[in-house]
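Down below is the structure, laid out as structure tokens.
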Amino acid sequence: MFKALLCKLNIQHDWHIEHAEDGALDKRCRRCGKDDDSGGGGGGTFAAWAGPSGMG
């Protein structure tokens, strides 16, 4: 129940990689089913949350 609460608060998910229908690889939480839309593939890099490059 505590882990489900972490998902609902968007604090910690249990990500795993799965294949989409178009053949791409997506990350999805095993507990809540949320798709990872960070755009950077995870990994905690600066580019994953800094926004698109080349702006300005």
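Letters for chains follow the order of the structure tokens (A, B, ...), residue numbers begin at 1 for each chain, and ligand numbers begin at 1 in the order shown.
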Spatial neighbours of Arg31 (chain A), max dist 12 Å, only C-alpha atoms, sep filter under 5 positions, as a ChimeraX atom specification: /A:1-8,10,12-16
Two-atom distance - CA of Ala24 (chain A), CA of Leu9 (chain A) (Å):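 CA of Ala24 (chain A) sits 27.5 Å away from CA of Leu9 (chain A).
If you count only C-alpha atoms and ignore residues fewer than 6 places along the chain from Glu18 (chain A), what sits within 7 Å of it is Leu25, Asp26 and Lys27 of chain A.
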Selected residues, N, CA and C atoms, written as a PDB file, in the first residue's frame, please.
ATOM      1  N   LEU A  25      10.537   1.209 -27.886  1.00  0.00           N
ATOM      2  CA  LEU A  25      10.662   0.788 -26.500  1.00  0.00           C
ATOM      3  C   LEU A  25      10.121   1.888 -25.602  1.00  0.00           C
ATOM      4  N   ASP A  26       9.272   1.513 -24.674  1.00  0.00           N
ATOM      5  CA  ASP A  26       8.688   2.461 -23.738  1.00  0.00           C
ATOM      6  C   ASP A  26       8.936   1.994 -22.314  1.00  0.00           C
ATOM      7  N   LYS A  27       8.974   2.965 -21.384  1.00  0.00           N
ATOM      8  CA  LYS A  27       9.073   2.639 -19.965  1.00  0.00           C
ATOM      9  C   LYS A  27       7.699   2.816 -19.343  1.00  0.00           C
TER      10      LYS A  27
END
